[in-house]
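Notes follow once the structure below has been shown.
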Amino acid sequence: MTHPVPEIRVASADDFDDIAQLMADAFHNPFDAEAREVERGIFEPDRGLLVRDGGAAVAHAAAFTRKLTVPGATVPAAHVTMVSVAVTHRRRGLLTALMRRQLRELHDAGREPVAVLWASEGRIYPRFGYGLAAQRLTVECRATTELRLPEPTAASGTLRLADPAAARPELARVYERVRPDRPGWSTRDERWWRYVLADPAAWRGGATPLRAVLHESPDGVDGYALWRTRDEWDRFGPRGEVRVHEVVAASPAAYLALWRTLFSVDLTRQLSVTRLAVDDPLLHLVDEPRVLGAQLVDALWVRLVDVPAALAARRYATAVDVVVEVTDPLLPENTGRWRLTGGPDGATCVRTDDPAGLACDVRCLGELYLGGAGLAALAAAGRVHELRPGALAAAGPAFGWHRAPAPMEIF
């Protein structure tokens, strides 16, 4: 049975409550009044695409206007979000229609050469050209007393507790000091800092309100952690949990001091964190990494909206001069041969008739974009094809980066 696709229209501020209810139903996570107002504060109505059927909101997709750190640069990126389809309207082509229209509008607007999102399920977005660009480590340590971290080698500064909202200016300064060197982190204006530090009771999961601890060196605050605790006891005594939201540090001393604090909170024996970089120093600080219970999972998915603009916007670890033959069935303007020339100081990408050294689809370029995926690994998987002998080995190192891409917050 087929159904006509209802009209897609641009959302308005008045649509938010219906969209919020659609999201709550789709993700099985009801919004209470407090959480709904927090979410309303970052909603950009003119970037929402909405489908109504009989007056009811049945499908929606939107984007936030932010910039994304990429290797060596910061690039405007559509932060795709709030994508959902009502259970009564599945298998009618609504998601496909929304994604196709959104990509077309992003390309034609010419302001954001890339799009980035979190995927509820990994199989959904590759068909729209999104590639897995950043993975993350989750930690679920159930025996913090079995771990040891190094002692500080010298006076490394002082720690102080702070109210997260009151400390926002200090947190923002540290974040902006660290962000340019970590692909995958997004810019945060005041609106986004209010959202990150918002603390509705519905978001706490039975834990305490959000807490902040700041590390101060002689030059000022150079690190912070956002965290909360959850009370738990068993017949052997306390088994409380520390739930870590963010640890941001501009120096090794600050980083060590913050983690030593988080692993030593009185009456706790467990620690969890869901968004660590795959090269996070924590794995090299503890004396028994297995106890961390670390697991690798997907994080950010990237889609190149404008291939030449996106490839020219980032930097490359080594000199590169390669012609790539790209296929993009959804945005045919990206299909063709592109000569990428660049290095650590800049890059250009222009259309060419020269023979290609490599061939891939636009999804592969998304996977490579943040410097996390290996070109050789994609070739071994049959996803990238070497058309000129030696092209793979010559270009491979350039697409890497000295820091692994990492997510910071879910948007």
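Ligands are numbered from 1 in the order shown, residues from 1 within each chain, and chains are lettered A, B, ... in the order they appear in the structure tokens.
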
- Message: Report as a ChimeraX atom specification all protein, DNA and RNA residues lying within 8 Å of range 41-52 of chain A, evaluated on only C-alpha atoms, omitting residues in the same chain fewer than 5 positions from it.
- Response: /A:6-13,16,57-64,98,102,191-192,195

- Hey, what does DSSP flag as alpha helix (DSSP H) within range 218-292 of chain A? Can you give it to me as number ranges by chain? A: 252-262, 282-285

Restricted to C-alpha atoms, what would the selected residues look like written as a PDB file, in the first residue's frame?
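Final file, result-v4.pdb:
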ATOM      1  CA  PRO A 252      48.237  17.411  31.877  1.00  0.00           C
ATOM      2  CA  ALA A 253      48.439  18.557  35.499  1.00  0.00           C
ATOM      3  CA  ALA A 254      44.863  19.828  35.451  1.00  0.00           C
ATOM      4  CA  TYR A 255      43.637  16.687  33.725  1.00  0.00           C
ATOM      5  CA  LEU A 256      45.262  14.395  36.282  1.00  0.00           C
ATOM      6  CA  ALA A 257      44.021  16.434  39.235  1.00  0.00           C
ATOM      7  CA  LEU A 258      40.431  16.406  37.986  1.00  0.00           C
ATOM      8  CA  TRP A 259      40.331  12.648  37.403  1.00  0.00           C
ATOM      9  CA  ARG A 260      41.988  11.934  40.754  1.00  0.00           C
ATOM     10  CA  THR A 261      39.148  13.903  42.330  1.00  0.00           C
ATOM     11  CA  LEU A 262      36.410  12.122  40.384  1.00  0.00           C
ATOM     12  CA  LEU A 282      42.626   8.388  30.992  1.00  0.00           C
ATOM     13  CA  LEU A 283      43.466   4.998  29.519  1.00  0.00           C
ATOM     14  CA  HIS A 284      47.149   5.819  29.982  1.00  0.00           C
ATOM     15  CA  LEU A 285      46.790   7.193  33.502  1.00  0.00           C
TER      16      LEU A 285
END

- Tell me, which residues of range 202-241 of chain A carry DSSP strand (DSSP E), written as number ranges by chain? A: 211-217, 220-230, 233-234, 237-238, 240-241

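Here the question is which of A:Ala309, A:Leu304, A:Ala202, A:Leu95 gets nearest to Arg36 in chain A using only C-alpha atoms, and that residue is A:Ala202.
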
- Give me, please, the distance in Å between CA of Thr145 in chain A and CA of Gly157 in chain A, quoted to one decimal. 24.3 Å
